[in-house]
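Trainee: Structure incoming, see below.
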Amino acid sequence: MRELKLENICYQYKNAGRMALENINCAFRPGTVSAVVGPSGSGKTTLLSIMAGLDRPSGGRVLLGEADLAGMDLDAYRRKDVSVIFQAFQLFPLLKVLGNVCYPMELGGVPVKAARERAGALLESVGIEAEKFRRFPANLSGGEQQRVAIARSLATGAGVLLADEPTGNLDGENSRNVVELLTRLAHEEGYCVVIVTHDPAVAEASDLVYRMVDGALQ
Ligand code: ADP
């Protein structure tokens, strides 16, 4: 698992007056849960988009281990190196639970049988019982749907997990379960976990908390 490092990152939207990100320097380590907090408009989504390889920074470098993203194919980076976990889960409603987790592996060319076996193992590892594998996502609770989404994010083998308000649609108990799961993935399996959150309980449970104010990290 590799570190994701931001060096002097700046980002300016076209037609925007001020920079959305200004000189961000930060290293997100494997085995660590980092929270990014800050008021609305402070740049959290922009930062996550740059880290997820959805856009290139206007200035500065993003490094995954020793590799500079500037020299990488961002499509490949998004497929293999980072996974994003969303507030609204973003599961495919017409695919069953197992199919959702198989999907990124099938896209990556893993044979169907091997993908199903690995998907089953991943689902069990996040606490989804086999009897739920053949349900559609809508027939699971929000907490279960988020755990399926996390299993799917692990299916590509990505070492960096970027979670955008992953507990925003969950009640207290399900939020705690999801945070515990992300923490276990970092601490026991070495994933580099970054959570953008408004939830003080999530920030509290994280190893490191970064605060964004007006495009700068404090
Ligand atoms: P947060 O996620 O913390 O709410 P954002 O990263 O969405 O913050 O926004 C950071 C800044 O960039 C804000 O000033 C916002 O208005 C601006 N911004 C966001 N998206 C765009 C866009 N597509 N075009 C121009 N400005 C944008």
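By order in the structure tokens, chains are A, B, ...; within a chain, residues start at 1; ligands start at 1, following the order shown.
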Please identify the residues whose atoms come within 12 Å of ligand 1, using only C-alpha atoms and all ligand atoms, and report them as a PyMOL selection string.
Mentor: chain A and resi 10-22+36-50+55+164-165+196-198+211-217
Trainee: Using only C-alpha atoms, which protein or nucleic acid residues come within 9 Å of Leu170 in chain A? Drop anything in the same chain fewer than 5 positions from it, and give the result as an MDAnalysis selection string.
Mentor: chainID A and resid 87 142:143 146 175
Trainee: I need the residues from that last selection saved to file as a short mmCIF file (atom, residue, chain, number, x, y, z; two decimals), in the first residue's frame (with all heavy atoms), if you can.
Mentor:
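And here's again23.cif as it stands now:
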data_model
loop_
_atom_site.label_atom_id
_atom_site.label_comp_id
_atom_site.auth_asym_id
_atom_site.auth_seq_id
_atom_site.Cartn_x
_atom_site.Cartn_y
_atom_site.Cartn_z
N GLN A 87 -21.63 9.25 -0.23
CA GLN A 87 -22.68 9.40 0.79
C GLN A 87 -23.92 8.58 0.42
O GLN A 87 -24.53 7.95 1.26
CB GLN A 87 -23.04 10.89 0.89
CG GLN A 87 -24.21 11.16 1.82
CD GLN A 87 -24.36 12.66 2.07
OE1 GLN A 87 -23.55 13.47 1.65
NE2 GLN A 87 -25.41 13.02 2.78
N GLY A 142 -29.69 1.05 4.94
CA GLY A 142 -28.66 2.01 4.49
C GLY A 142 -27.27 1.57 4.93
O GLY A 142 -26.32 1.63 4.15
N GLY A 143 -27.16 1.11 6.15
CA GLY A 143 -25.85 0.69 6.66
C GLY A 143 -25.32 -0.50 5.87
O GLY A 143 -24.12 -0.57 5.55
N GLN A 146 -24.13 0.67 2.47
CA GLN A 146 -22.81 1.30 2.50
C GLN A 146 -21.72 0.24 2.64
O GLN A 146 -20.63 0.38 2.06
CB GLN A 146 -22.74 2.36 3.63
CG GLN A 146 -21.53 3.28 3.56
CD GLN A 146 -21.42 4.07 2.27
OE1 GLN A 146 -21.33 3.49 1.18
NE2 GLN A 146 -21.46 5.39 2.37
N SER A 175 -23.63 4.42 11.36
CA SER A 175 -22.44 5.27 11.17
C SER A 175 -21.26 4.68 11.91
O SER A 175 -20.16 4.58 11.36
CB SER A 175 -22.67 6.68 11.73
OG SER A 175 -23.65 7.33 11.00
#
Trainee: Near range 96-105 of chain A, within 7 Å and counting only C-alpha atoms, which residues show up once chain neighbours fewer than 3 positions away are dropped, as a PyMOL selection string?
Mentor: chain A and resi 91-92+108-110+115-116+119-120+133-137+148+151-152+155-156
Trainee: Keeping only N, CA and C atoms, write the selected residues to a file as an mmCIF file, in the first residue's frame.
Mentor:
data_model
loop_
_atom_site.group_PDB
_atom_site.id
_atom_site.type_symbol
_atom_site.label_atom_id
_atom_site.label_comp_id
_atom_site.auth_asym_id
_atom_site.auth_seq_id
_atom_site.Cartn_x
_atom_site.Cartn_y
_atom_site.Cartn_z
ATOM 1 N N LEU A 91 -24.820 2.429 -5.442
ATOM 2 C CA LEU A 91 -24.856 1.045 -5.941
ATOM 3 C C LEU A 91 -25.714 1.012 -7.208
ATOM 4 N N PHE A 92 -25.499 0.003 -8.038
ATOM 5 C CA PHE A 92 -26.331 -0.145 -9.238
ATOM 6 C C PHE A 92 -27.644 -0.799 -8.813
ATOM 7 N N GLY A 108 -12.449 -5.297 -15.037
ATOM 8 C CA GLY A 108 -10.996 -5.470 -15.047
ATOM 9 C C GLY A 108 -10.562 -6.793 -15.664
ATOM 10 N N GLY A 109 -11.523 -7.562 -16.175
ATOM 11 C CA GLY A 109 -11.180 -8.790 -16.892
ATOM 12 C C GLY A 109 -11.072 -10.038 -16.024
ATOM 13 N N VAL A 110 -11.506 -9.955 -14.762
ATOM 14 C CA VAL A 110 -11.462 -11.151 -13.899
ATOM 15 C C VAL A 110 -12.578 -12.105 -14.360
ATOM 16 N N ALA A 115 -14.481 -13.841 -9.900
ATOM 17 C CA ALA A 115 -15.031 -12.573 -9.401
ATOM 18 C C ALA A 115 -16.108 -12.853 -8.357
ATOM 19 N N ARG A 116 -16.957 -13.838 -8.634
ATOM 20 C CA ARG A 116 -18.024 -14.157 -7.666
ATOM 21 C C ARG A 116 -17.453 -14.634 -6.341
ATOM 22 N N ALA A 119 -15.944 -11.675 -4.580
ATOM 23 C CA ALA A 119 -17.009 -10.769 -4.135
ATOM 24 C C ALA A 119 -17.665 -11.325 -2.870
ATOM 25 N N GLY A 120 -17.910 -12.633 -2.865
ATOM 26 C CA GLY A 120 -18.528 -13.261 -1.687
ATOM 27 C C GLY A 120 -17.637 -13.097 -0.461
ATOM 28 N N PHE A 133 -26.793 -11.861 -0.548
ATOM 29 C CA PHE A 133 -26.036 -11.637 -1.794
ATOM 30 C C PHE A 133 -26.947 -11.495 -3.004
ATOM 31 N N ARG A 134 -28.112 -12.149 -2.954
ATOM 32 C CA ARG A 134 -28.986 -12.161 -4.140
ATOM 33 C C ARG A 134 -30.124 -11.165 -4.025
ATOM 34 N N ARG A 135 -30.024 -10.292 -3.054
ATOM 35 C CA ARG A 135 -31.025 -9.221 -2.963
ATOM 36 C C ARG A 135 -30.609 -8.043 -3.824
ATOM 37 N N PHE A 136 -31.601 -7.224 -4.174
ATOM 38 C CA PHE A 136 -31.276 -5.950 -4.802
ATOM 39 C C PHE A 136 -30.919 -4.961 -3.693
ATOM 40 N N PRO A 137 -30.072 -3.983 -3.983
ATOM 41 C CA PRO A 137 -29.626 -3.046 -2.936
ATOM 42 C C PRO A 137 -30.786 -2.393 -2.183
ATOM 43 N N VAL A 148 -21.871 -2.778 1.424
ATOM 44 C CA VAL A 148 -21.724 -3.366 0.081
ATOM 45 C C VAL A 148 -20.864 -2.430 -0.788
ATOM 46 N N ALA A 151 -17.360 -2.942 0.149
ATOM 47 C CA ALA A 151 -16.856 -4.203 -0.439
ATOM 48 C C ALA A 151 -16.540 -3.991 -1.914
ATOM 49 N N ARG A 152 -17.419 -3.274 -2.620
ATOM 50 C CA ARG A 152 -17.164 -3.002 -4.041
ATOM 51 C C ARG A 152 -15.894 -2.172 -4.213
ATOM 52 N N ALA A 155 -12.889 -4.272 -4.234
ATOM 53 C CA ALA A 155 -12.823 -5.329 -5.251
ATOM 54 C C ALA A 155 -11.761 -5.072 -6.303
ATOM 55 N N THR A 156 -11.394 -3.812 -6.519
ATOM 56 C CA THR A 156 -10.412 -3.510 -7.565
ATOM 57 C C THR A 156 -8.987 -3.700 -7.071
#
Trainee: List the neighbours of Leu64 in chain A out to 9 Å using only C-alpha atoms; skip same-chain residues closer than 3 positions along the sequence, and give me the result as a PDB file with N, CA and C atoms, in the first residue's frame.
Mentor:
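Generated file (part_23.pdb):
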ATOM      1  N   ARG A   2       0.478   2.233  -0.787  1.00  0.00           N
ATOM      2  CA  ARG A   2       1.338   3.406  -0.985  1.00  0.00           C
ATOM      3  C   ARG A   2       0.715   4.673  -0.387  1.00  0.00           C
ATOM      4  N   GLU A   3       1.619   5.603  -0.060  1.00  0.00           N
ATOM      5  CA  GLU A   3       1.181   6.895   0.467  1.00  0.00           C
ATOM      6  C   GLU A   3       0.653   7.777  -0.677  1.00  0.00           C
ATOM      7  N   LEU A   4      -0.364   8.582  -0.389  1.00  0.00           N
ATOM      8  CA  LEU A   4      -0.852   9.569  -1.364  1.00  0.00           C
ATOM      9  C   LEU A   4      -0.420  10.937  -0.860  1.00  0.00           C
ATOM     10  N   LYS A   5       0.436  11.583  -1.644  1.00  0.00           N
ATOM     11  CA  LYS A   5       1.043  12.813  -1.163  1.00  0.00           C
ATOM     12  C   LYS A   5       0.665  13.988  -2.065  1.00  0.00           C
ATOM     13  N   ALA A  67       5.242   7.567  -7.624  1.00  0.00           N
ATOM     14  CA  ALA A  67       4.730   7.869  -8.975  1.00  0.00           C
ATOM     15  C   ALA A  67       3.950   9.180  -8.990  1.00  0.00           C
ATOM     16  N   ASP A  68       4.325  10.049  -9.920  1.00  0.00           N
ATOM     17  CA  ASP A  68       3.653  11.337 -10.087  1.00  0.00           C
ATOM     18  C   ASP A  68       2.422  11.127 -10.980  1.00  0.00           C
ATOM     19  N   LEU A  69       1.258  11.552 -10.491  1.00  0.00           N
ATOM     20  CA  LEU A  69       0.037  11.362 -11.284  1.00  0.00           C
ATOM     21  C   LEU A  69       0.096  12.084 -12.624  1.00  0.00           C
ATOM     22  N   ASP A  81      -6.116   2.180  -8.593  1.00  0.00           N
ATOM     23  CA  ASP A  81      -5.367   2.671  -7.433  1.00  0.00           C
ATOM     24  C   ASP A  81      -6.222   3.326  -6.359  1.00  0.00           C
TER      25      ASP A  81
END
Trainee: Residues of range 90-138 of chain A classed as helix (DSSP H, G or I) by DSSP on the backbone are to be reported as a PyMOL selection string.
Mentor: chain A and resi 97-107+112-125+130-132+137-138
Trainee: Have a look at CA of Ala163 in chain A and CA of Ser83 in chain A and let me know their distance in Å, one decimal.
Mentor: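 That distance, rounded to one decimal, is 8.3 Å.
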Trainee: Could you give me the residues within range 10-171 of chain A that DSSP places in strand (DSSP E or B), as an MDAnalysis selection string?
Mentor: chainID A and resid 10:11 21:28 33:37 59:64 67:68 82:85 160:164
Trainee: Mind writing the picked residues with C-alpha atoms as a JSON list (two decimals), in the first residue's frame?
Mentor:
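File written: again-v8.json
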[["chain", "number", "residue", "atom", "x", "y", "z"],
["A", 10, "CYS", "CA", -3.53, 24.56, -6.32],
["A", 11, "TYR", "CA", -6.79, 24.43, -8.21],
["A", 21, "LEU", "CA", -7.28, 25.07, -3.45],
["A", 22, "GLU", "CA", -4.22, 27.01, -2.47],
["A", 23, "ASN", "CA", -0.88, 25.42, -1.83],
["A", 24, "ILE", "CA", -2.05, 22.21, -0.18],
["A", 25, "ASN", "CA", 0.72, 20.06, 1.30],
["A", 26, "CYS", "CA", -0.28, 16.84, 2.92],
["A", 27, "ALA", "CA", 0.58, 13.14, 3.06],
["A", 28, "PHE", "CA", -2.07, 10.48, 3.57],
["A", 33, "VAL", "CA", -7.66, 7.04, 8.74],
["A", 34, "SER", "CA", -7.53, 10.77, 7.96],
["A", 35, "ALA", "CA", -10.56, 13.03, 8.19],
["A", 36, "VAL", "CA", -10.91, 16.24, 6.19],
["A", 37, "VAL", "CA", -13.37, 18.67, 7.77],
["A", 59, "GLY", "CA", -0.37, 23.58, -9.91],
["A", 60, "GLY", "CA", 1.61, 21.22, -7.71],
["A", 61, "ARG", "CA", 2.03, 17.45, -7.72],
["A", 62, "VAL", "CA", 0.06, 14.44, -6.56],
["A", 63, "LEU", "CA", 2.25, 11.43, -5.82],
["A", 64, "LEU", "CA", 1.17, 7.86, -5.22],
["A", 67, "ALA", "CA", 4.73, 7.87, -8.98],
["A", 68, "ASP", "CA", 3.65, 11.34, -10.09],
["A", 82, "VAL", "CA", -8.18, 4.61, -5.77],
["A", 83, "SER", "CA", -11.77, 3.84, -4.85],
["A", 84, "VAL", "CA", -14.40, 6.39, -3.90],
["A", 85, "ILE", "CA", -17.17, 5.69, -1.39],
["A", 160, "VAL", "CA", -6.50, 4.27, -1.33],
["A", 161, "LEU", "CA", -10.11, 4.59, -0.16],
["A", 162, "LEU", "CA", -11.63, 8.05, -0.45],
["A", 163, "ALA", "CA", -14.94, 8.40, 1.36],
["A", 164, "ASP", "CA", -17.16, 11.41, 0.72]]
